[in-house]
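Everything on this sheet refers to the single structure shown next.
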Amino acid sequence: DIELGVINQMGFPGYFLIVADFIQWAKDHDIPVGPGRGSGAGSLVAYALKITDLDPLAYDLFFERFLNPERVSMPDFDVDFCMERRDEVIEYVSHKYGAQRVSQIATHGTMAAKAVLRDVGRVLGVPYPVVDKLVATVPPVLGITLPDALGRSAKSQDKPELRSEAMQELYEKDEEMREIIDTALQLEGLARNVGKHAGGVVIAPTKLTDFSALYSESAGAGIATQFDKDDIEAMGLVKFDFLGLRTLTVIDWALGHINTRRAREGAPPLDIATLPLDDPATYKLLQSTHTTAVFQLESSGMKELIRKLRPDTFEDIIALVALFRPGPLGSGMVDDFINRKHGLAEVEYPHPDLEGILQTTYGVMVYQEQVMQVAQKLANYSLGEADNLRRAMGKKKAEEMARNKDIFVSRAVERGVPEKQATDIFDLMAKFAEYGFNKSHSAAYALLSYQTAWLKAHYPAELMAAVLTSEIEKIDKIVRFINEARDMGLTVIPPCINRSQYTFTVSERGEIIYGLGAVKGVGEAAINILLEERAKNGDYTSLEDLCRRLDLKKLNRKTLETLI
């Protein structure tokens, strides 16, 4: 009731219903949809509408992290779809609400420090090696500007790593370099090119041209608003995110192989949404660190973290996704988490009342939601106020932090918490808020991690065939995954014109059959001709038989030599 009241009060019921509608349409048309993404997974209304697949009550996820009644902000459901069929969902929305009201959103690439130096140098006719020498003096810091490098910005006075003595020296001593830099300083930050937002789609209440000029790539194709997402939101229009996720496609293809096998065995189809989250074989696979092809858990750094953590519950997988980031890894909190889990360090709580909040993470604040819960529990904050506090902590503005600290400590003292302890807890919250991760997002993606791990543990050939197909044009990845399949004890049958399909498939004996689409130098059209003839008239008995049956104008000598 609280959520519904907030949604109605803020005027967003239409938004929820539109999202629920296109997600339901996708599911009705067998288009895989992700379990959730971002803070939207914290909404009980979203769960009830089947927008998300995770029960927020089971994992302490908060609606206020998504839509805060005490801070006016637009709702933002990021929805993952199968990468192969995402465009079908966008097309459905366009047909339903009218092509004149629906479009994608433009992005504007700007001239950053290095790029603007190169552009100016090229226009002024300065040789590339000379410009490269100048570009090399820009410090390798994300988001750096030319005033930073020249020591002219306020930011560079506080952060010496932003300043470039080499650039300053070139500016002072080389007239040609000075001309390039002076011109670049005037152009830096200006829009350089236009593109499209990866998944952003806007639905307007009337014609889009009532709100924004439109941009077209060529001859009416690929319409997008000329305003970017920030301008669109400033005008009161809502952005919907339709994102393509390869893992959903892989799971869908794997289920196709699995259910073909289960049909042969007389078993019912596998429903990925009903998997038990306490399967011993899955956790055994995770603890072995054989997590190549497992969503989010396959990098060498993540494998090392898994080896140390040894996850044995779904909450541990949620924590893995949240902890594997530079901030937590560099802060020491990951080691603290691991040591407490394995009994190598004592599990301590900053205050006895916080045990219920921090128990699943062994007394360590891992998630942003935990920071909010602590403020609610110890200082009687509403969850809306607690979300504002979390945001303030993330911004680290001294004045705002001091004001919030006074409020938190005074409220905690009123509740009977000693002042020094309240002050210490606030400082601890501020420290963890800097590294804390959104648990709603972590939990939703942990579910995909678990599902792919479960498939690898129980249907390894089917999963690996799907993974190989998803990377069919990338030879280096094909080699890597085939080696992984062999390390798992699977048999990979070489390309065969009588057994192979375009994609990787699984034989009745559980062998992976190499897909012809992964044979370099053979086009899809030629393979389809070969497969269509085989389907009509049976297997090829020899090379001569193949040549006699196929149109050699379409399947030329070079293609035949590649297949041989």
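Simple scheme: letters A, B, ... for chains in structure tokens order, numbers from 1 for residues in each chain, numbers from 1 for ligands in the order shown.
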
Discussion item. Residues of stretch 395-499 of chain A classed as helix (DSSP H, G or I) by DSSP on the backbone are to be reported as number ranges by chain.
Written reply: A: 395, 398-414, 419-435, 439-458, 460-470, 475-487

Item to complete: Name all residues at most 10 Å from A:Arg101 (count only C-alpha atoms; drop same-chain ones fewer than 5 positions away) and give them as a PyMOL selection string.
Response: chain A and resi 93-96+202-210

Practice prompt. Tell me, as a PyMOL selection string, which residues lie within 10 Å of stretch 543-554 of chain A, counting only C-alpha atoms; anything in the same chain fewer than 4 positions away does not count.
Written response: chain A and resi 497+525-526+529-530+533-534+537+539+559-560+564

Save out the residues we just selected, C-alpha atoms, as a PDB file, in the first residue's frame.
```pdb
ATOM      1  CA  ILE A 497      29.200 -31.405 -43.448  1.00  0.00           C
ATOM      2  CA  ALA A 525      24.860 -17.856 -47.205  1.00  0.00           C
ATOM      3  CA  ALA A 526      27.096 -20.686 -48.474  1.00  0.00           C
ATOM      4  CA  ILE A 529      22.800 -23.576 -49.165  1.00  0.00           C
ATOM      5  CA  LEU A 530      24.749 -26.640 -48.018  1.00  0.00           C
ATOM      6  CA  GLU A 533      20.322 -29.338 -49.736  1.00  0.00           C
ATOM      7  CA  ARG A 534      21.298 -31.819 -46.989  1.00  0.00           C
ATOM      8  CA  ASN A 537      18.074 -34.919 -50.104  1.00  0.00           C
ATOM      9  CA  ASP A 539      23.756 -36.719 -46.365  1.00  0.00           C
ATOM     10  CA  THR A 559      34.712 -21.984 -49.926  1.00  0.00           C
ATOM     11  CA  LEU A 560      35.089 -25.670 -50.820  1.00  0.00           C
ATOM     12  CA  ILE A 564      38.070 -29.426 -46.954  1.00  0.00           C
TER      13      ILE A 564
END
```

Discussion item. Restricting the calculation to only C-alpha atoms: of A:Phe314, A:Arg192, A:Val120, A:Gly515, which residue gets closest to A:Leu531?
Written reply: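 Nearest candidate to A:Leu531 out of A:Phe314, A:Arg192, A:Val120, A:Gly515: A:Gly515.
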
Worksheet item: DSSP says strand (DSSP E) for which residues of stretch 232-319 of chain A? Put them as a list in words?
Response: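 Strand (DSSP E) members of stretch 232-319 of chain A, listed: Lys239, Phe240, Asp241, Phe242, Leu243, Gly244 and Leu245 of chain A.
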
May I have the selected residues written with N, CA and C atoms, as a PDB file, in the first residue's frame?
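As a result, again_5.pdb now contains:
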```pdb
ATOM      1  N   LYS A 239      12.393   8.138 -19.880  1.00  0.00           N
ATOM      2  CA  LYS A 239      13.230   7.249 -20.692  1.00  0.00           C
ATOM      3  C   LYS A 239      13.004   5.804 -20.241  1.00  0.00           C
ATOM      4  N   PHE A 240      12.862   4.915 -21.197  1.00  0.00           N
ATOM      5  CA  PHE A 240      12.782   3.480 -20.921  1.00  0.00           C
ATOM      6  C   PHE A 240      14.051   2.841 -21.475  1.00  0.00           C
ATOM      7  N   ASP A 241      14.661   1.944 -20.700  1.00  0.00           N
ATOM      8  CA  ASP A 241      15.903   1.316 -21.147  1.00  0.00           C
ATOM      9  C   ASP A 241      15.655  -0.114 -21.598  1.00  0.00           C
ATOM     10  N   PHE A 242      15.900  -0.370 -22.880  1.00  0.00           N
ATOM     11  CA  PHE A 242      15.795  -1.706 -23.457  1.00  0.00           C
ATOM     12  C   PHE A 242      17.221  -2.164 -23.753  1.00  0.00           C
ATOM     13  N   LEU A 243      17.767  -3.003 -22.889  1.00  0.00           N
ATOM     14  CA  LEU A 243      19.177  -3.381 -23.018  1.00  0.00           C
ATOM     15  C   LEU A 243      19.306  -4.823 -23.499  1.00  0.00           C
ATOM     16  N   GLY A 244      20.288  -5.072 -24.332  1.00  0.00           N
ATOM     17  CA  GLY A 244      20.540  -6.429 -24.824  1.00  0.00           C
ATOM     18  C   GLY A 244      21.599  -7.097 -23.965  1.00  0.00           C
ATOM     19  N   LEU A 245      21.305  -8.289 -23.434  1.00  0.00           N
ATOM     20  CA  LEU A 245      22.253  -9.009 -22.581  1.00  0.00           C
ATOM     21  C   LEU A 245      22.543 -10.379 -23.194  1.00  0.00           C
TER      22      LEU A 245
END
```

Once you count only C-alpha atoms, what closest atom pair and distance in Å to one decimal does each residue of stretch 49-148 of chain A within 12 Å of stretch 340-363 of chain A have, with rows by chain and rising residue number, as a Markdown table?
```
| residue | atom | partner | partner_atom | distance |
| --- | --- | --- | --- | --- |
| A:Tyr59 | CA | A:Thr360 | CA | 10.0 |
| A:Asp60 | CA | A:Ile357 | CA | 8.8 |
| A:Leu61 | CA | A:Ile357 | CA | 11.7 |
```

Kindly export the residues of the current selection with N, CA and C atoms, as a short mmCIF file (atom, residue, chain, number, x, y, z; two decimals), in the first residue's frame.
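For reference, part.cif as written:
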```cif
data_model
loop_
_atom_site.label_atom_id
_atom_site.label_comp_id
_atom_site.auth_asym_id
_atom_site.auth_seq_id
_atom_site.Cartn_x
_atom_site.Cartn_y
_atom_site.Cartn_z
N TYR A 59 15.18 -10.53 0.33
CA TYR A 59 16.60 -10.12 0.30
C TYR A 59 16.82 -8.71 0.84
N ASP A 60 15.84 -8.18 1.60
CA ASP A 60 15.98 -6.85 2.21
C ASP A 60 16.30 -5.77 1.18
N LEU A 61 15.52 -5.74 0.09
CA LEU A 61 15.70 -4.72 -0.94
C LEU A 61 14.63 -3.65 -0.72
#
```

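Counting only C-alpha atoms and comparing A:Leu378, A:Leu329, A:Leu383, A:Ala444, the residue that lies closest to A:Ser39 is A:Ala444.
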
Practice prompt. Fewer than 4 positions away in the same chain doesn't count, so skip those; otherwise give me all residues within 10 Å of stretch 498-501 of chain A, counting only C-alpha atoms, as a list of chain:residue names.
Written response: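 Counting only the stated atoms, we get A:Ile493, A:Pro494, A:Thr505, A:Val506, A:Ser507, A:Ile512, A:Ile513, A:Tyr514, A:Gly515, A:Leu516, A:Gly517, A:Ile527, A:Asn528, A:Leu530, A:Leu531, A:Arg534, A:Ala535, A:Gly538, A:Asp539, A:Tyr540, A:Thr541.
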
Emit the selected residues as a CSV table (one decimal), in the first residue's frame, including N, CA and C atoms.
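Saved as result14.csv:
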```csv
chain,number,residue,atom,x,y,z
A,493,ILE,N,33.2,-32.6,-31.4
A,493,ILE,CA,33.4,-33.3,-32.7
A,493,ILE,C,33.8,-32.2,-33.7
A,494,PRO,N,34.8,-32.4,-34.5
A,494,PRO,CA,35.2,-31.4,-35.5
A,494,PRO,C,34.1,-31.1,-36.5
A,505,THR,N,26.0,-27.4,-31.8
A,505,THR,CA,24.8,-28.2,-31.3
A,505,THR,C,25.4,-29.4,-30.4
A,506,VAL,N,24.4,-30.1,-29.9
A,506,VAL,CA,24.8,-31.2,-29.0
A,506,VAL,C,24.2,-32.5,-29.5
A,507,SER,N,25.0,-33.6,-29.6
A,507,SER,CA,24.5,-34.8,-30.1
A,507,SER,C,23.7,-35.6,-29.1
A,512,ILE,N,29.6,-32.1,-28.1
A,512,ILE,CA,29.4,-30.8,-28.8
A,512,ILE,C,29.8,-31.0,-30.2
A,513,ILE,N,28.9,-30.6,-31.2
A,513,ILE,CA,29.2,-30.7,-32.6
A,513,ILE,C,29.6,-29.3,-33.1
A,514,TYR,N,30.8,-29.2,-33.6
A,514,TYR,CA,31.3,-27.9,-34.1
A,514,TYR,C,30.4,-27.2,-35.1
A,515,GLY,N,30.1,-26.0,-34.9
A,515,GLY,CA,29.2,-25.2,-35.9
A,515,GLY,C,30.0,-24.8,-37.1
A,516,LEU,N,29.4,-25.0,-38.3
A,516,LEU,CA,30.1,-24.5,-39.5
A,516,LEU,C,30.2,-23.0,-39.6
A,517,GLY,N,29.4,-22.3,-38.8
A,517,GLY,CA,29.5,-20.8,-38.8
A,517,GLY,C,30.8,-20.4,-38.2
A,527,ILE,N,26.9,-21.7,-46.3
A,527,ILE,CA,26.5,-22.7,-45.3
A,527,ILE,C,25.0,-23.1,-45.4
A,528,ASN,N,24.2,-22.0,-45.5
A,528,ASN,CA,22.8,-22.3,-45.6
A,528,ASN,C,22.4,-23.1,-46.8
A,530,LEU,N,24.3,-25.3,-48.3
A,530,LEU,CA,24.7,-26.6,-48.0
A,530,LEU,C,23.8,-27.4,-47.1
A,531,LEU,N,23.3,-26.7,-46.1
A,531,LEU,CA,22.4,-27.3,-45.1
A,531,LEU,C,21.0,-27.5,-45.7
A,534,ARG,N,21.2,-30.6,-47.8
A,534,ARG,CA,21.3,-31.8,-47.0
A,534,ARG,C,20.0,-32.2,-46.4
A,535,ALA,N,19.2,-31.2,-45.9
A,535,ALA,CA,17.9,-31.4,-45.3
A,535,ALA,C,16.9,-32.0,-46.3
A,538,GLY,N,19.3,-35.6,-48.1
A,538,GLY,CA,20.1,-36.5,-47.3
A,538,GLY,C,21.6,-36.1,-47.3
A,539,ASP,N,22.3,-37.0,-46.6
A,539,ASP,CA,23.8,-36.7,-46.4
A,539,ASP,C,24.5,-36.8,-47.7
A,540,TYR,N,25.6,-36.1,-47.7
A,540,TYR,CA,26.6,-36.1,-48.8
A,540,TYR,C,27.4,-37.3,-48.7
A,541,THR,N,27.6,-38.1,-49.8
A,541,THR,CA,28.3,-39.3,-49.8
A,541,THR,C,29.8,-39.1,-50.1
```

Discussion item. Measuring between only C-alpha atoms, which one of A:Trp454, A:Ile105, A:Val116, A:Phe16 shows the shortest distance to A:Ser212?
Written reply: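 Going through A:Trp454, A:Ile105, A:Val116, A:Phe16 one by one, the smallest distance to A:Ser212 is for A:Ile105.
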
Discussion item. Neighbouring residues of A:Thr145 were defined as those with any atom within 8 Å, considering only C-alpha atoms; residues of the same chain fewer than 2 positions away were excluded. Please report them as number ranges by chain.
Written reply: A: 112-113, 143, 147-149, 188

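Within the 8 Å cut-off around stretch 277-288 of chain A, using only C-alpha atoms and omitting residues fewer than 5 positions from it on the same chain, the listed residues are Ile306, Arg307, Arg310, Pro311, Asp312, Thr313, Phe314, Tyr450, Ala453, Trp454, Ala457 and His458 of chain A.
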
How close does stretch 138-205 of chain A get to stretch 127-131 of chain A? List, as a tab-separated table, each residue of stretch 138-205 of chain A within 10 Å, its nearest atom pair and the distance in Å to one decimal, counting only C-alpha atoms.
```
residue	atom	partner	partner_atom	distance
A:Glu176	CA	A:Val130	CA	9.9
A:Met177	CA	A:Val131	CA	8.4
A:Ile180	CA	A:Val131	CA	8.9
```

Write out the residues from the selection above, keeping C-alpha atoms, as an mmCIF file, in the first residue's frame.
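File selection-v6.cif, as written:
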```
data_model
loop_
_atom_site.group_PDB
_atom_site.id
_atom_site.type_symbol
_atom_site.label_atom_id
_atom_site.label_comp_id
_atom_site.auth_asym_id
_atom_site.auth_seq_id
_atom_site.Cartn_x
_atom_site.Cartn_y
_atom_site.Cartn_z
ATOM 1 C CA GLU A 176 53.462 25.567 -32.585
ATOM 2 C CA MET A 177 52.414 23.527 -29.525
ATOM 3 C CA ILE A 180 47.446 23.827 -30.836
#
```

Discussion item. Could you check the closest approach to A:Ala26 for each of A:Ala41, A:Val89, A:Ile338, A:Val374 and tell me which residue wins, using only C-alpha atoms?
Written reply: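 Among the listed residues, the smallest separation from A:Ala26 belongs to A:Val89.
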
Item to complete: Please indicate the distance in Å from atom CA of A:Ile23 to atom CA of A:Leu320, rounded to one decimal place.
Response: 28.2 Å

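Shortest separation to A:Asn193 among A:Ser331, A:Ser153, A:Thr107, A:Gln421 occurs at residue A:Thr107, atoms counted being only C-alpha atoms.
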